[in-house]
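A.B. asks: Next up, my_file.cif (mmCIF, N, CA and C atoms).
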data_coords
loop_
_atom_site.label_atom_id
_atom_site.label_comp_id
_atom_site.auth_asym_id
_atom_site.auth_seq_id
_atom_site.Cartn_x
_atom_site.Cartn_y
_atom_site.Cartn_z
N MET A 28 4.81 -10.73 -10.42
CA MET A 28 4.60 -9.42 -9.82
C MET A 28 5.89 -9.00 -9.13
N ASP A 29 6.13 -7.71 -9.13
CA ASP A 29 7.33 -7.21 -8.45
C ASP A 29 6.99 -5.97 -7.63
N ALA A 30 7.86 -5.69 -6.66
CA ALA A 30 7.63 -4.60 -5.71
C ALA A 30 7.51 -3.24 -6.40
N GLU A 31 8.29 -3.01 -7.44
CA GLU A 31 8.25 -1.71 -8.13
C GLU A 31 6.91 -1.49 -8.81
N THR A 32 6.35 -2.50 -9.42
CA THR A 32 5.04 -2.38 -10.06
C THR A 32 3.96 -2.06 -9.02
N ILE A 33 4.02 -2.74 -7.89
CA ILE A 33 3.05 -2.48 -6.82
C ILE A 33 3.19 -1.04 -6.32
N ARG A 34 4.42 -0.60 -6.12
CA ARG A 34 4.66 0.78 -5.68
C ARG A 34 4.02 1.77 -6.65
N LYS A 35 4.23 1.57 -7.93
CA LYS A 35 3.69 2.49 -8.94
C LYS A 35 2.17 2.48 -8.94
N LEU A 36 1.56 1.32 -8.79
CA LEU A 36 0.10 1.23 -8.76
C LEU A 36 -0.48 1.95 -7.55
N ILE A 37 0.14 1.76 -6.39
CA ILE A 37 -0.34 2.43 -5.19
C ILE A 37 -0.21 3.94 -5.33
N GLU A 38 0.94 4.41 -5.79
CA GLU A 38 1.15 5.85 -5.91
C GLU A 38 0.25 6.48 -6.98
N ALA A 39 -0.04 5.73 -8.04
CA ALA A 39 -0.96 6.24 -9.07
C ALA A 39 -2.39 6.29 -8.56
N GLY A 40 -2.76 5.32 -7.74
CA GLY A 40 -4.12 5.24 -7.23
C GLY A 40 -4.42 6.14 -6.05
N LEU A 41 -3.37 6.58 -5.35
CA LEU A 41 -3.51 7.49 -4.21
C LEU A 41 -2.65 8.73 -4.49
N PRO A 42 -3.20 9.70 -5.19
CA PRO A 42 -2.41 10.88 -5.55
C PRO A 42 -1.73 11.51 -4.33
N GLY A 43 -0.46 11.79 -4.47
CA GLY A 43 0.32 12.40 -3.40
C GLY A 43 0.93 11.39 -2.44
N ALA A 44 0.58 10.13 -2.58
CA ALA A 44 1.11 9.10 -1.68
C ALA A 44 2.54 8.75 -2.06
N GLN A 45 3.27 8.29 -1.06
CA GLN A 45 4.60 7.74 -1.27
C GLN A 45 4.58 6.34 -0.69
N ALA A 46 5.04 5.38 -1.48
CA ALA A 46 5.01 3.99 -1.04
C ALA A 46 6.40 3.37 -1.12
N ARG A 47 6.71 2.54 -0.14
CA ARG A 47 7.91 1.71 -0.18
C ARG A 47 7.43 0.27 -0.10
N VAL A 48 7.77 -0.52 -1.10
CA VAL A 48 7.29 -1.90 -1.17
C VAL A 48 8.49 -2.83 -1.25
N GLU A 49 8.43 -3.89 -0.47
CA GLU A 49 9.48 -4.90 -0.48
C GLU A 49 8.84 -6.27 -0.62
N GLY A 50 9.56 -7.17 -1.26
CA GLY A 50 9.10 -8.54 -1.41
C GLY A 50 10.01 -9.27 -2.36
N GLU A 51 10.58 -10.34 -1.90
CA GLU A 51 11.57 -11.06 -2.69
C GLU A 51 11.01 -12.24 -3.48
N ASP A 52 9.88 -12.82 -3.02
CA ASP A 52 9.42 -14.05 -3.65
C ASP A 52 8.38 -13.84 -4.77
N GLY A 53 7.97 -12.59 -5.00
CA GLY A 53 7.04 -12.30 -6.08
C GLY A 53 5.57 -12.48 -5.75
N VAL A 54 5.24 -12.93 -4.54
CA VAL A 54 3.83 -13.08 -4.15
C VAL A 54 3.53 -12.53 -2.76
N HIS A 55 4.54 -12.41 -1.89
CA HIS A 55 4.36 -11.87 -0.55
C HIS A 55 5.11 -10.54 -0.47
N PHE A 56 4.40 -9.49 -0.06
CA PHE A 56 5.00 -8.16 -0.05
C PHE A 56 4.69 -7.44 1.26
N GLU A 57 5.53 -6.46 1.56
CA GLU A 57 5.32 -5.55 2.68
C GLU A 57 5.39 -4.13 2.11
N ALA A 58 4.46 -3.28 2.53
CA ALA A 58 4.45 -1.92 2.03
C ALA A 58 4.23 -0.94 3.17
N THR A 59 4.94 0.17 3.10
CA THR A 59 4.67 1.32 3.95
C THR A 59 4.17 2.41 3.01
N VAL A 60 2.99 2.91 3.30
CA VAL A 60 2.38 3.93 2.44
C VAL A 60 2.11 5.16 3.29
N VAL A 61 2.63 6.29 2.82
CA VAL A 61 2.45 7.57 3.50
C VAL A 61 1.54 8.43 2.61
N ALA A 62 0.41 8.86 3.17
CA ALA A 62 -0.53 9.65 2.38
C ALA A 62 -1.34 10.58 3.26
N GLU A 63 -1.50 11.80 2.82
CA GLU A 63 -2.36 12.76 3.51
C GLU A 63 -3.81 12.27 3.51
N ALA A 64 -4.18 11.51 2.48
CA ALA A 64 -5.55 11.01 2.36
C ALA A 64 -5.94 10.08 3.52
N PHE A 65 -4.97 9.58 4.26
CA PHE A 65 -5.25 8.70 5.40
C PHE A 65 -5.69 9.47 6.65
N ARG A 66 -5.47 10.77 6.66
CA ARG A 66 -5.78 11.56 7.86
C ARG A 66 -7.24 11.39 8.27
N GLY A 67 -7.45 11.08 9.54
CA GLY A 67 -8.79 10.93 10.08
C GLY A 67 -9.45 9.59 9.81
N LYS A 68 -8.74 8.70 9.14
CA LYS A 68 -9.32 7.39 8.80
C LYS A 68 -8.74 6.31 9.70
N LEU A 69 -9.57 5.33 10.03
CA LEU A 69 -9.13 4.19 10.81
C LEU A 69 -8.26 3.27 9.95
N PRO A 70 -7.43 2.43 10.59
CA PRO A 70 -6.53 1.55 9.82
C PRO A 70 -7.24 0.70 8.76
N LEU A 71 -8.41 0.14 9.07
CA LEU A 71 -9.11 -0.68 8.10
C LEU A 71 -9.47 0.12 6.85
N ALA A 72 -9.93 1.33 7.04
CA ALA A 72 -10.28 2.18 5.90
C ALA A 72 -9.04 2.52 5.08
N ARG A 73 -7.93 2.76 5.74
CA ARG A 73 -6.68 3.05 5.05
C ARG A 73 -6.25 1.86 4.20
N HIS A 74 -6.34 0.67 4.78
CA HIS A 74 -5.95 -0.54 4.06
C HIS A 74 -6.85 -0.76 2.85
N ARG A 75 -8.12 -0.52 3.02
CA ARG A 75 -9.05 -0.67 1.89
C ARG A 75 -8.70 0.31 0.77
N MET A 76 -8.28 1.49 1.12
CA MET A 76 -7.87 2.47 0.11
C MET A 76 -6.69 1.94 -0.71
N VAL A 77 -5.73 1.33 -0.02
CA VAL A 77 -4.57 0.78 -0.72
C VAL A 77 -4.98 -0.42 -1.57
N TYR A 78 -5.77 -1.33 -1.00
CA TYR A 78 -6.21 -2.50 -1.75
C TYR A 78 -6.97 -2.09 -3.02
N ALA A 79 -7.74 -1.00 -2.94
CA ALA A 79 -8.50 -0.53 -4.10
C ALA A 79 -7.57 -0.13 -5.25
N THR A 80 -6.37 0.32 -4.93
CA THR A 80 -5.43 0.70 -6.00
C THR A 80 -4.88 -0.51 -6.72
N LEU A 81 -4.99 -1.68 -6.10
CA LEU A 81 -4.42 -2.90 -6.67
C LEU A 81 -5.46 -3.81 -7.31
N GLY A 82 -6.73 -3.54 -7.02
CA GLY A 82 -7.83 -4.26 -7.66
C GLY A 82 -7.71 -5.77 -7.59
N GLU A 83 -7.90 -6.41 -8.74
CA GLU A 83 -7.93 -7.86 -8.83
C GLU A 83 -6.59 -8.53 -8.59
N LEU A 84 -5.52 -7.74 -8.53
CA LEU A 84 -4.20 -8.33 -8.25
C LEU A 84 -4.15 -8.91 -6.84
N MET A 85 -4.93 -8.31 -5.92
CA MET A 85 -4.96 -8.82 -4.55
C MET A 85 -5.63 -10.20 -4.54
N GLY A 86 -4.96 -11.14 -3.92
CA GLY A 86 -5.48 -12.50 -3.87
C GLY A 86 -5.14 -13.31 -5.11
N GLY A 87 -4.58 -12.64 -6.11
CA GLY A 87 -4.16 -13.32 -7.33
C GLY A 87 -2.65 -13.22 -7.44
N ALA A 88 -2.18 -12.28 -8.26
CA ALA A 88 -0.74 -12.10 -8.45
C ALA A 88 -0.07 -11.67 -7.15
N ILE A 89 -0.81 -10.97 -6.30
CA ILE A 89 -0.29 -10.57 -4.99
C ILE A 89 -1.01 -11.45 -3.96
N HIS A 90 -0.31 -12.45 -3.46
CA HIS A 90 -0.92 -13.38 -2.51
C HIS A 90 -1.12 -12.73 -1.14
N ALA A 91 -0.13 -11.94 -0.70
CA ALA A 91 -0.21 -11.31 0.62
C ALA A 91 0.49 -9.96 0.58
N LEU A 92 -0.12 -8.99 1.25
CA LEU A 92 0.45 -7.66 1.34
C LEU A 92 0.29 -7.16 2.77
N ALA A 93 1.39 -7.07 3.49
CA ALA A 93 1.38 -6.50 4.84
C ALA A 93 1.52 -5.00 4.70
N LEU A 94 0.63 -4.26 5.36
CA LEU A 94 0.60 -2.80 5.19
C LEU A 94 0.89 -2.05 6.47
N LYS A 95 1.62 -0.96 6.31
CA LYS A 95 1.75 0.07 7.33
C LYS A 95 1.30 1.34 6.63
N THR A 96 0.24 1.96 7.13
CA THR A 96 -0.31 3.15 6.49
C THR A 96 -0.26 4.31 7.46
N ILE A 97 0.40 5.37 7.06
CA ILE A 97 0.57 6.53 7.94
C ILE A 97 0.38 7.83 7.18
N THR A 98 0.10 8.89 7.93
CA THR A 98 0.02 10.22 7.36
C THR A 98 1.44 10.82 7.33
N PRO A 99 1.64 11.90 6.60
CA PRO A 99 2.98 12.48 6.51
C PRO A 99 3.60 12.85 7.87
N ASP A 100 2.77 13.11 8.87
CA ASP A 100 3.32 13.44 10.19
C ASP A 100 3.52 12.19 11.07
N GLY A 101 3.41 11.02 10.46
CA GLY A 101 3.71 9.78 11.17
C GLY A 101 2.59 9.20 11.99
N LYS A 102 1.37 9.67 11.80
CA LYS A 102 0.24 9.17 12.58
C LYS A 102 -0.60 8.20 11.78
#
Can you dump the structure from the file as structure tokens?

C.D. replies:
Amino acid sequence: MDAETIRKLIEAGLPGAQARVEGEDGVHFEATVVAEAFRGKLPLARHRMVYATLGELMGGAIHALALKTITPDGK
């Protein structure tokens, strides 16, 4: 697994989202995801939205994903 593939999956699964994904070892990643769809949602709900875009890859090809989820205005 690589960071670019994860970025593409997140952005495809959350229309209008912008994601920055980093990870050097191929199993541990960090992502910052900016999406209007996060507005009004608690952090857990936001994280679930991102995890849903990755499906079965979570816990498999992606061992760990640290998330920062924000709206376009930084909230």

A.B. asks: Pick out the residues sitting within 12 Å of Glu38 in chain A, and hand them over as a list in words; count only C-alpha atoms, and ignore anything fewer than 4 positions along from it in its own chain.

C.D. replies: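 Residues near the query, excluding close chain neighbours: Glu31, Thr32, Ile33, Arg34, Pro42, Gly43, Ala44, Gln45, Ala46, Arg47, Val48, Ala58, Thr59, Val60, Val61, Ala62, Ala64, Met76, Val77, Tyr78, Ala79, Thr80 and Leu81 of chain A.
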
A.B. asks: Mind listing the strand (DSSP E) residues of range 46-88 of chain A, per DSSP on the backbone, as JSON, numbers by chain?

C.D. replies: {"A": [46, 47, 48, 49, 55, 56, 57, 58, 59, 60, 61]}

A.B. asks: Restricting it to N, CA and C atoms, dump the selection as a short mmCIF file (atom, residue, chain, number, x, y, z; two decimals), in the coordinates of the input.

C.D. replies:
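Dumped everything to selection30.cif:
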data_model
loop_
_atom_site.label_atom_id
_atom_site.label_comp_id
_atom_site.auth_asym_id
_atom_site.auth_seq_id
_atom_site.Cartn_x
_atom_site.Cartn_y
_atom_site.Cartn_z
N ALA A 46 5.04 5.38 -1.48
CA ALA A 46 5.01 3.99 -1.04
C ALA A 46 6.40 3.37 -1.12
N ARG A 47 6.71 2.54 -0.14
CA ARG A 47 7.91 1.71 -0.18
C ARG A 47 7.43 0.27 -0.10
N VAL A 48 7.77 -0.52 -1.10
CA VAL A 48 7.29 -1.90 -1.17
C VAL A 48 8.49 -2.83 -1.25
N GLU A 49 8.43 -3.89 -0.47
CA GLU A 49 9.48 -4.90 -0.48
C GLU A 49 8.84 -6.27 -0.62
N HIS A 55 4.54 -12.41 -1.89
CA HIS A 55 4.36 -11.87 -0.55
C HIS A 55 5.11 -10.54 -0.47
N PHE A 56 4.40 -9.49 -0.06
CA PHE A 56 5.00 -8.16 -0.05
C PHE A 56 4.69 -7.44 1.26
N GLU A 57 5.53 -6.46 1.56
CA GLU A 57 5.32 -5.55 2.68
C GLU A 57 5.39 -4.13 2.11
N ALA A 58 4.46 -3.28 2.53
CA ALA A 58 4.45 -1.92 2.03
C ALA A 58 4.23 -0.94 3.17
N THR A 59 4.94 0.17 3.10
CA THR A 59 4.67 1.32 3.95
C THR A 59 4.17 2.41 3.01
N VAL A 60 2.99 2.91 3.30
CA VAL A 60 2.38 3.93 2.44
C VAL A 60 2.11 5.16 3.29
N VAL A 61 2.63 6.29 2.82
CA VAL A 61 2.45 7.57 3.50
C VAL A 61 1.54 8.43 2.61
#

A.B. asks: I'd like the interatomic distance between CA of Ile89 in chain A and CA of Val54 in chain A, to a tenth of an Å.

C.D. replies: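 Separation of CA of Ile89 in chain A and CA of Val54 in chain A: 4.9 Å.
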
A.B. asks: Mind pulling up the distance from atom C of Arg75 in chain A to atom C of Gly40 in chain A?

C.D. replies: 9.9 Å

A.B. asks: To one decimal place, how far is atom N of Glu49 in chain A from atom C of Ala30 in chain A in Å?

C.D. replies: 6.0 Å

A.B. asks: Counting all atoms listed in the file, find residues at most 6 Å from (-3.1, -4.5, 3.3) (file frame) and give them as a PyMOL selection string.

C.D. replies: chain A and resi 74+78+92-94

A.B. asks: According to DSSP computed on the backbone, where in range 50-101 of chain A is there helix (DSSP H, G or I)? Give the residues as a list in words.

C.D. replies: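 Of range 50-101 of chain A, the ones in helix (DSSP H, G or I) are Glu63, Ala64, Phe65, Pro70, Leu71, Ala72, Arg73, His74, Arg75, Met76, Val77, Tyr78, Ala79, Thr80, Leu81, Gly82, Glu83 and Leu84 of chain A.
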
A.B. asks: Which neighbours of His90 in chain A fall inside 7 Å, counting all atoms listed in the file, when residues of the same chain fewer than 4 positions from it are skipped, and could you give them as a PyMOL selection string?

C.D. replies: chain A and resi 53-56+84-86

A.B. asks: With all atoms listed in the file as the basis for distance, which of A:Met28, A:Leu71, A:Pro99, A:Leu36 is at the shortest distance from Asp52 in chain A?

C.D. replies: A:Met28

A.B. asks: Which residue gives the smallest distance to Glu57 in chain A among A:Leu69, A:Ala91, A:Leu41, A:Ile97, with all atoms listed in the file counted?

C.D. replies: A:Ala91

A.B. asks: Enclose all atoms of range 51-68 of chain A listed in the file in an axis-aligned box, grow every side by 5 Å, and hand back centre and edge lengths in Å to one decimal, as AutoDock Vina command-line options.

C.D. replies:
--center_x 1.1 --center_y -0.6 --center_z 2.0 --size_x 31.0 --size_y 36.8 --size_z 26.2
